[in-house]
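protein_23.txt (compact mmCIF, C-alpha atoms)
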# COMPACT_ATOMS: atom_id res chain seq x y z
CA MET Y 23 3.47 92.83 -164.97
CA LYS Y 24 6.47 90.56 -165.60
CA ARG Y 25 7.26 90.46 -161.87
CA ASP Y 26 3.64 89.60 -161.03
CA PHE Y 27 3.58 86.88 -163.69
CA VAL Y 28 6.77 85.28 -162.36
CA ALA Y 29 5.42 85.42 -158.80
CA ASN Y 30 2.08 83.90 -159.82
CA THR Y 31 3.78 81.20 -161.88
CA SER Y 32 6.07 80.27 -158.99
CA HIS Y 33 3.09 80.00 -156.66
CA GLU Y 34 1.09 77.87 -159.10
CA LEU Y 35 4.02 75.51 -159.71
CA LYS Y 36 4.83 75.14 -156.02
CA THR Y 37 1.33 73.91 -155.19
CA PRO Y 38 1.37 70.61 -157.14
CA VAL Y 39 5.10 70.11 -156.54
CA GLY Y 40 4.56 70.47 -152.80
CA ALA Y 41 1.59 68.11 -152.94
CA LEU Y 42 3.64 65.48 -154.79
CA ALA Y 43 6.43 65.68 -152.21
CA LEU Y 44 3.98 65.33 -149.32
CA LEU Y 45 2.19 62.41 -150.99
CA ALA Y 46 5.50 60.66 -151.65
CA GLU Y 47 6.39 60.93 -147.95
CA THR Y 48 2.95 59.63 -147.01
CA ILE Y 49 3.37 56.61 -149.27
CA GLU Y 50 6.73 55.85 -147.68
CA ASP Y 51 5.10 55.89 -144.24
CA ALA Y 52 2.24 53.69 -145.43
CA ALA Y 53 4.35 51.21 -147.36
CA ASP Y 54 2.79 48.24 -145.54
CA ASP Y 55 -0.79 49.37 -146.26
CA ALA Y 56 -1.57 48.40 -149.86
CA GLU Y 57 -4.93 50.21 -149.92
CA ALA Y 58 -3.41 53.45 -148.63
CA VAL Y 59 -0.60 53.21 -151.18
CA ARG Y 60 -3.12 52.84 -154.01
CA ARG Y 61 -5.17 55.77 -152.72
CA PHE Y 62 -2.22 58.13 -152.39
CA ALA Y 63 -0.71 56.96 -155.69
CA SER Y 64 -3.97 57.96 -157.38
CA LYS Y 65 -3.71 61.41 -155.82
CA MET Y 66 -0.12 61.65 -157.03
CA ARG Y 67 -1.25 60.93 -160.59
CA GLN Y 68 -3.83 63.71 -160.31
CA GLU Y 69 -1.24 66.21 -159.09
CA ALA Y 70 1.22 65.11 -161.77
CA GLN Y 71 -1.44 65.65 -164.43
CA ARG Y 72 -2.22 69.06 -162.99
CA LEU Y 73 1.47 69.96 -163.15
CA THR Y 74 1.69 68.67 -166.73
CA ASN Y 75 -1.33 70.77 -167.74
CA LEU Y 76 0.15 73.88 -166.15
CA VAL Y 77 3.53 73.45 -167.86
CA GLN Y 78 1.84 72.80 -171.22
CA ASP Y 79 -0.31 75.90 -170.86
CA LEU Y 80 2.74 77.99 -169.97
CA ILE Y 81 4.54 76.69 -173.07
CA THR Y 82 1.50 77.43 -175.25
CA LEU Y 83 1.13 80.94 -173.82
CA SER Y 84 4.84 81.64 -174.34
CA ARG Y 85 4.64 80.36 -177.91
CA ILE Y 86 1.65 82.54 -178.77
CA GLN Y 87 3.11 85.70 -177.25
CA ALA Y 88 6.37 85.15 -179.13
CA VAL Y 89 4.81 84.88 -182.61
CA GLU Y 90 1.92 87.37 -182.70
CA PRO Y 91 0.59 87.59 -185.34
CA VAL Y 92 0.64 84.06 -186.80
CA PRO Y 93 3.81 84.12 -188.97
CA ASP Y 94 2.69 81.65 -191.64
CA PRO Y 95 -1.13 81.64 -191.77
CA ARG Y 96 -2.75 78.85 -193.75
CA PRO Y 97 -6.36 78.14 -194.75
CA VAL Y 98 -8.21 76.58 -191.81
CA ALA Y 99 -11.66 75.01 -192.11
CA LEU Y 100 -13.71 75.93 -189.05
CA ASP Y 101 -15.71 72.71 -189.41
CA THR Y 102 -12.47 70.86 -188.67
CA VAL Y 103 -11.65 73.13 -185.72
CA VAL Y 104 -15.08 72.50 -184.19
CA ALA Y 105 -14.92 68.74 -184.77
CA GLU Y 106 -11.47 68.39 -183.19
CA ALA Y 107 -12.31 70.59 -180.20
CA VAL Y 108 -15.54 68.68 -179.56
CA ASP Y 109 -13.75 65.32 -179.84
CA GLY Y 110 -11.19 66.51 -177.31
CA CYS Y 111 -13.90 67.35 -174.77
CA ARG Y 112 -16.40 64.58 -175.44
CA MET Y 113 -15.14 62.11 -172.85
CA ARG Y 114 -15.22 64.71 -170.08
CA ALA Y 115 -18.68 65.87 -171.15
CA ASN Y 116 -20.03 62.32 -171.34
CA ALA Y 117 -18.76 61.62 -167.82
CA ARG Y 118 -21.03 64.41 -166.55
CA GLY Y 119 -23.95 63.70 -168.85
CA ILE Y 120 -23.42 66.98 -170.72
CA THR Y 121 -24.46 67.14 -174.38
CA LEU Y 122 -22.16 68.90 -176.84
CA ALA Y 123 -24.19 70.19 -179.80
CA SER Y 124 -23.06 72.02 -182.95
CA ALA Y 125 -25.22 74.43 -184.93
CA GLY Y 126 -25.03 77.20 -187.51
CA SER Y 127 -23.17 77.74 -190.77
CA ARG Y 128 -20.79 75.20 -192.26
CA GLY Y 129 -17.99 75.55 -194.77
CA LEU Y 130 -16.45 78.71 -193.27
CA SER Y 131 -12.69 79.15 -193.62
CA VAL Y 132 -10.13 81.49 -192.07
CA LEU Y 133 -6.38 82.03 -192.35
CA GLY Y 134 -4.33 81.03 -189.34
CA ASP Y 135 -2.92 78.20 -187.25
CA GLU Y 136 -5.29 75.25 -186.94
CA ASP Y 137 -3.71 73.86 -183.76
CA LEU Y 138 -3.97 77.19 -181.96
CA LEU Y 139 -7.60 77.68 -183.00
CA VAL Y 140 -8.47 74.17 -181.81
CA THR Y 141 -6.72 74.92 -178.50
CA ALA Y 142 -8.70 78.14 -178.03
CA LEU Y 143 -12.07 76.52 -178.76
CA ARG Y 144 -11.26 73.45 -176.66
CA ASN Y 145 -10.36 75.70 -173.72
CA LEU Y 146 -13.77 77.36 -173.95
CA LEU Y 147 -15.51 73.98 -174.17
CA GLU Y 148 -13.58 72.58 -171.21
CA ASN Y 149 -14.57 75.58 -169.11
CA ALA Y 150 -18.20 75.23 -170.18
CA VAL Y 151 -18.25 71.56 -169.21
CA ALA Y 152 -16.42 72.14 -165.91
CA TYR Y 153 -18.77 74.92 -164.76
CA SER Y 154 -22.08 73.46 -165.97
CA PRO Y 155 -24.47 71.26 -164.00
CA GLU Y 156 -24.71 67.64 -165.00
CA LYS Y 157 -27.13 66.67 -167.78
CA THR Y 158 -27.16 70.11 -169.42
CA ARG Y 159 -26.20 71.27 -172.92
CA VAL Y 160 -23.25 73.15 -174.35
CA VAL Y 161 -23.88 74.54 -177.83
CA ILE Y 162 -21.19 75.54 -180.33
CA SER Y 163 -22.54 77.89 -183.01
CA THR Y 164 -20.84 79.20 -186.15
CA ARG Y 165 -21.93 81.97 -188.49
CA LYS Y 166 -20.65 84.63 -190.85
CA THR Y 167 -21.08 88.20 -189.59
CA PRO Y 168 -21.93 91.19 -191.80
CA GLU Y 169 -18.47 92.58 -191.03
CA GLY Y 170 -16.78 89.62 -192.73
CA ASN Y 171 -15.83 87.68 -189.63
CA ALA Y 172 -16.37 84.09 -188.66
CA GLU Y 173 -18.20 83.96 -185.33
CA LEU Y 174 -17.72 80.92 -183.08
CA SER Y 175 -19.85 80.88 -179.92
CA VAL Y 176 -19.84 78.50 -176.97
CA ALA Y 177 -22.99 78.78 -174.85
CA ASP Y 178 -23.56 76.84 -171.63
CA GLN Y 179 -26.23 76.53 -168.95
CA GLY Y 180 -23.72 76.84 -166.15
CA ILE Y 181 -23.27 78.88 -163.00
CA GLY Y 182 -22.42 82.09 -164.84
CA ILE Y 183 -19.84 84.74 -163.99
CA PRO Y 184 -20.39 87.68 -161.62
CA GLU Y 185 -20.41 91.01 -163.45
CA ARG Y 186 -17.54 92.31 -161.31
CA ASP Y 187 -15.28 89.53 -162.66
CA LEU Y 188 -16.09 89.80 -166.38
CA GLU Y 189 -13.33 92.31 -167.12
CA ARG Y 190 -10.66 90.20 -165.39
CA ILE Y 191 -11.34 86.62 -166.46
CA PHE Y 192 -8.88 86.83 -169.38
CA GLU Y 193 -5.99 87.72 -167.06
CA ARG Y 194 -3.36 85.04 -166.49
CA PHE Y 195 -4.09 82.99 -163.34
CA TYR Y 196 -7.25 84.94 -162.52
CA ARG Y 197 -9.96 82.63 -161.19
CA VAL Y 198 -13.53 83.53 -160.29
CA ASP Y 199 -13.69 80.50 -157.98
CA PRO Y 200 -10.12 79.38 -157.15
CA ALA Y 201 -11.16 76.31 -155.15
CA ARG Y 202 -13.46 74.97 -157.87
CA SER Y 203 -10.98 75.79 -160.63
CA ARG Y 204 -8.26 73.74 -158.95
CA ALA Y 205 -10.72 70.94 -158.16
CA THR Y 206 -11.56 70.65 -161.87
CA GLY Y 207 -7.90 70.71 -162.88
CA GLY Y 208 -7.95 74.29 -164.17
CA THR Y 209 -4.60 76.07 -164.56
CA GLY Y 210 -5.93 79.63 -164.62
CA LEU Y 211 -4.35 80.16 -168.06
CA GLY Y 212 -7.04 78.83 -170.39
CA LEU Y 213 -8.83 82.11 -171.08
CA ALA Y 214 -5.55 84.05 -171.31
CA ILE Y 215 -4.51 81.60 -174.03
CA VAL Y 216 -7.83 82.16 -175.83
CA LYS Y 217 -7.28 85.94 -175.76
CA HIS Y 218 -3.77 85.66 -177.18
CA VAL Y 219 -4.81 83.16 -179.87
CA MET Y 220 -7.43 85.63 -181.03
CA ALA Y 221 -4.91 88.49 -181.03
CA ALA Y 222 -2.56 86.35 -183.13
CA HIS Y 223 -5.39 85.92 -185.68
CA ASN Y 224 -6.38 89.60 -185.72
CA GLY Y 225 -9.59 88.61 -183.95
CA LYS Y 226 -11.12 89.00 -180.52
CA VAL Y 227 -13.06 87.15 -177.82
CA THR Y 228 -16.09 88.46 -175.95
CA VAL Y 229 -18.24 87.12 -173.13
CA ARG Y 230 -21.83 87.53 -172.01
CA SER Y 231 -22.87 85.99 -168.74
CA VAL Y 232 -25.64 86.02 -166.14
CA GLU Y 233 -25.09 84.44 -162.74
CA GLY Y 234 -27.13 81.27 -162.49
CA ALA Y 235 -28.12 81.36 -166.16
CA GLY Y 236 -24.95 80.47 -168.04
CA SER Y 237 -22.29 82.11 -170.18
CA THR Y 238 -21.61 82.64 -173.88
CA PHE Y 239 -18.06 83.12 -175.11
CA THR Y 240 -17.69 84.25 -178.72
CA LEU Y 241 -14.63 84.19 -180.96
CA TYR Y 242 -14.45 86.58 -183.90
CA ILE Y 243 -11.93 85.67 -186.62
CA PRO Y 244 -11.55 87.40 -190.00
CA LEU Y 245 -12.77 85.16 -192.81
CA ARG Y 246 -10.59 84.44 -195.80
CA SER Y 247 -11.14 87.26 -198.30
CA ASP Y 248 -13.04 85.06 -200.77
CA HIS Y 249 -15.29 83.75 -197.98
CA ALA Y 250 -15.91 87.18 -196.54
CA SER Y 251 -17.43 88.29 -199.84
CA THR Y 252 -19.21 85.09 -200.90
CA GLY Y 253 -19.39 82.79 -197.89
CA ALA Y 254 -18.31 79.94 -200.17
CA ALA Y 255 -16.49 76.89 -198.79

With the file now loaded, output its structure as structure tokens.
Amino acid sequence: MKRDFVANTSHELKTPVGALALLAETIEDAADDAEAVRRFASKMRQEAQRLTNLVQDLITLSRIQAVEPVPDPRPVALDTVVAEAVDGCRMRANARGITLASAGSRGLSVLGDEDLLVTALRNLLENAVAYSPEKTRVVISTRKTPEGNAELSVADQGIGIPERDLERIFERFYRVDPARSRATGGTGLGLAIVKHVMAAHNGKVTVRSVEGAGSTFTLYIPLRSDHASTGAA
């Protein structure tokens, strides 16, 4: 598994690095064409951002795997997690006319790492926005389960996931549609990060999906003991 991960990482890093080198050469050859320089410089920025995203995701994944479970869990308000994750995705959603809506219970609290939980939920939202048609809705729902968990669901009206791929989508670098994933800036690590964040919080992530009808990803996180019994904020 380690050998495969290193091989996959090397391949993923070489793609944007190679693109940047090729674009730099192209700009040198087109130095006298201002319009071409601007066009290729824009592509260079896109590749640089893709490389930045990949490195950041690798750092996040390494950090999570090194500290499972969360070493110093603190009270985290899920209302705050939802608000920050939605704010982080709003610009991208607005650009495609996609509505981000929140529903369900409020005042739920868990023990954990707020930044990691925001990262996990934002990754799910970014995927939902990237793989949904324009002018659709993505709904984030929260509730308390009878088992004493907080349940956070992200439901979209997107293209859905083939049944044959459902068991593999949480693998590092696994992509259902590699071409579209790269076109949307995906690193192939987002769902792996979600899985490890949940493991670090003694929780889990599940998915239900129908091709052509959308997907629902659900995070289950143990509530703080006082909330699990009373549901109080």

Atomic separation - atom CA of Y:Lys65 relative to atom CA of Y:Val151, Å:
22.2 Å

Counting only C-alpha atoms, what is within 9 Å of Y:Leu174, bar same-chain residues fewer than 5 positions away, as a PyMOL selection string?
chain Y and resi 100+104+143+162-165+239-243

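Taking all atoms listed in the file, the non-local environment of Y:Asn116 within 12 Å (same-chain residues fewer than 2 positions away omitted) comprises Val108, Asp109, Gly110, Cys111, Arg112, Met113, Arg114, Arg118, Gly119, Ile120, Thr121, Leu122, Val151, Ala152, Glu156, Lys157, Thr158, Arg159 and Val160 of chain Y.
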
Residues within 9 Å of (-8.1, 72.8, -182.9), counting all atoms listed in the file, listed as a ChimeraX atom specification
/Y:100,102-107,110,135-144

Find the distance between atom CA of Y:Phe192 and atom CA of Y:Lys217 and write it in Å to one decimal.
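So the two atoms, atom CA of Y:Phe192 and atom CA of Y:Lys217, lie 6.6 Å apart.
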
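By all atoms listed in the file, and with residues fewer than 4 positions from Y:Asp79 along its chain excluded, the set lying at most 9 Å from it is Thr74, Asn75, Leu83, Ser84, Thr209, Leu211, Gly212 and Ile215 of chain Y.
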
With a distance cut-off of 9 Å and all atoms listed in the file, select the neighbouring residues of Y:Leu188, excluding the residue or stretch itself and same-chain residues fewer than 4 positions from it, and output the selection as number ranges by chain.
Y: 183-184, 192, 229-231

Can you write out the residues you just picked, keeping C-alpha atoms, as a tab-separated table (two decimals), in the coordinates of the input?
chain	number	residue	atom	x	y	z
Y	183	ILE	CA	-19.84	84.74	-163.99
Y	184	PRO	CA	-20.39	87.68	-161.62
Y	192	PHE	CA	-8.88	86.83	-169.38
Y	229	VAL	CA	-18.24	87.12	-173.13
Y	230	ARG	CA	-21.83	87.53	-172.01
Y	231	SER	CA	-22.87	85.99	-168.74

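The two atoms in question, atom CA of Y:Ala222 and atom CA of Y:Gly134, are spaced 8.4 Å apart.
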
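If you measure from each of Y:Ala70, Y:Gly170, Y:Val39, Y:Gln179 to Y:Ser154 using only C-alpha atoms, the closest one turns out to be Y:Gln179.
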
Excluding same-chain residues fewer than 5 positions from Y:Leu42, what lies within 9 Å of it counting only C-alpha atoms, as a ChimeraX atom specification?
/Y:37,47,65-67,69-70

Let me make sure I understand: among Y:Pro155, Y:Ala235, Y:Leu133, Y:Leu147, which one has the smallest atom-to-atom distance to Y:Pro91 if we use only C-alpha atoms?
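So, comparing all the options, the nearest one is Y:Leu133.
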
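Of the residues listed (Y:Thr48, Y:Ser64, Y:Thr82, Y:Ser131), Y:Ser131 shows the shortest atom-to-atom separation from Y:Asn171; distances use all atoms listed in the file.
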